[in-house]
Amino acid sequence: MRASFMYPLAIIALAAGLVLVYPPSGSGEGDSGRYVGTEACAGCHEKEYNNYKKYSKKAHSAKSVRIMAAKLTPSELTECYHCHATGYGKPGGFESFEKTPAMADAGCEVCHGPGADHAESGGDKALIKAKLEVKDCEVCHNPERVAAFDYKPLIFGGAH
């Protein structure tokens with residue numbers, strides 16, 4: 001009786017392990033988790049890229065961080081980088097204004113996730129988060145930040 005109970009549990013554990021190692025396609029993120037920067041998106045997503053550069057405040061977010069940096073503690077500055085720079089602290093992401101200036105603004109990958117695998121695959125949609133939801137925006141545009149900086153986020157005021 002005990003063995004018959006253990007067999008289904010072993011199958012469930014094996015299946016869970018496989019999902020962790022091999023996530024289902026369409027999960028919206030490649031395996032490497034590497035960031036490549038907004039310029040890498042421009043070739044295939046020219047309209048979105050041009051709209052981003054022309055209209056999105058995210059395309060100039062590093063400017064705000066630079067203005068405030070002198071008034072912030074290192075810990076506060078780090079918090080800024082998570083939303084105002086691309087891939088901070090992650091492979092291929094923002095390190096500093098000097099080392100990785102192309103990653104200093106909040107680019108495509110802040111919302112859509114790391115894009116190296118997507119770009120290297122020729123545009124496999126399963127390797128990037130193509131369809132965003134409000135919860136994706138709320139990582140940065142949340143009530144705590146809105147209250148702290150007294151602004152109204154334009155959740156749908158991005159590049160597209």
# chains A, B, ... in the order shown; residues from 1 in each chain; ligands from 1
call {"tool": "residues_around", "arguments": {"residues": "A:His60", "least_positions_apart": "2", "cutoff": "9 Å", "atoms": "only C-alpha atoms", "output": "PDB file with N, CA and C atoms, in the first residue's frame"}}
result
ATOM      1  N   LYS A  53      12.406  56.253 -28.426  1.00  0.00           N
ATOM      2  CA  LYS A  53      13.417  57.315 -28.404  1.00  0.00           C
ATOM      3  C   LYS A  53      12.787  58.708 -28.437  1.00  0.00           C
ATOM      4  N   SER A  56       9.137  58.408 -25.169  1.00  0.00           N
ATOM      5  CA  SER A  56       9.158  57.789 -23.853  1.00  0.00           C
ATOM      6  C   SER A  56      10.124  58.488 -22.894  1.00  0.00           C
ATOM      7  N   LYS A  57       9.636  58.793 -21.706  1.00  0.00           N
ATOM      8  CA  LYS A  57      10.498  59.361 -20.667  1.00  0.00           C
ATOM      9  C   LYS A  57      11.542  58.335 -20.228  1.00  0.00           C
ATOM     10  N   LYS A  58      11.232  57.071 -20.408  1.00  0.00           N
ATOM     11  CA  LYS A  58      12.165  56.005 -20.041  1.00  0.00           C
ATOM     12  C   LYS A  58      13.472  56.122 -20.824  1.00  0.00           C
ATOM     13  N   ALA A  62      18.090  58.020 -17.239  1.00  0.00           N
ATOM     14  CA  ALA A  62      19.406  58.186 -16.606  1.00  0.00           C
ATOM     15  C   ALA A  62      19.656  59.643 -16.232  1.00  0.00           C
ATOM     16  N   LYS A  63      19.092  60.542 -17.010  1.00  0.00           N
ATOM     17  CA  LYS A  63      19.258  61.970 -16.728  1.00  0.00           C
ATOM     18  C   LYS A  63      18.714  62.313 -15.338  1.00  0.00           C
ATOM     19  N   SER A  64      17.544  61.782 -15.001  1.00  0.00           N
ATOM     20  CA  SER A  64      16.949  62.027 -13.679  1.00  0.00           C
ATOM     21  C   SER A  64      17.821  61.455 -12.567  1.00  0.00           C
ATOM     22  N   HIS A  84      15.334  52.584 -13.324  1.00  0.00           N
ATOM     23  CA  HIS A  84      15.764  53.630 -14.247  1.00  0.00           C
ATOM     24  C   HIS A  84      16.946  53.238 -15.121  1.00  0.00           C
ATOM     25  N   ALA A 104      22.164  52.619 -19.402  1.00  0.00           N
ATOM     26  CA  ALA A 104      21.847  53.560 -18.327  1.00  0.00           C
ATOM     27  C   ALA A 104      20.395  54.000 -18.302  1.00  0.00           C
ATOM     28  N   ASP A 105      19.700  53.975 -19.418  1.00  0.00           N
ATOM     29  CA  ASP A 105      18.286  54.344 -19.442  1.00  0.00           C
ATOM     30  C   ASP A 105      17.413  53.104 -19.258  1.00  0.00           C
ATOM     31  N   ALA A 106      16.157  53.330 -18.950  1.00  0.00           N
ATOM     32  CA  ALA A 106      15.203  52.227 -18.819  1.00  0.00           C
ATOM     33  C   ALA A 106      14.760  51.819 -20.220  1.00  0.00           C
TER      34      ALA A 106
END
call {"tool": "atom_distance", "arguments": {"atom1": "atom CA of A:Ala126", "atom2": "atom CA of A:Phe94"}}
result
24.2 Å
call {"tool": "residues_around", "arguments": {"residues": "A:Thr100", "least_positions_apart": "2", "cutoff": "12 Å", "atoms": "only C-alpha atoms", "output": "list in words"}}
result
Tyr35, Val36, Gly37, Ala62, Ala85, Thr86, Gly87, Tyr88, Gly89, Pro91, Gly92, Gly93, Phe94, Glu95, Ser96, Phe97, Glu98, Ala102, Met103, Ala104 and Asp105 of chain A
call {"tool": "closest_residue", "arguments": {"among": "A:Ile67, A:Val146, A:Leu127, A:Val134", "to": "A:Glu109", "atoms": "only C-alpha atoms"}}
result
A:Leu127
call {"tool": "select_by_dssp", "arguments": {"residues": "stretch 12-141 of chain A", "states": "alpha helix (DSSP H)", "output": "PyMOL selection string"}}
result
chain A and resi 12-21+39-42+46-55+61-69+74-84+108-112+116-120+134-137
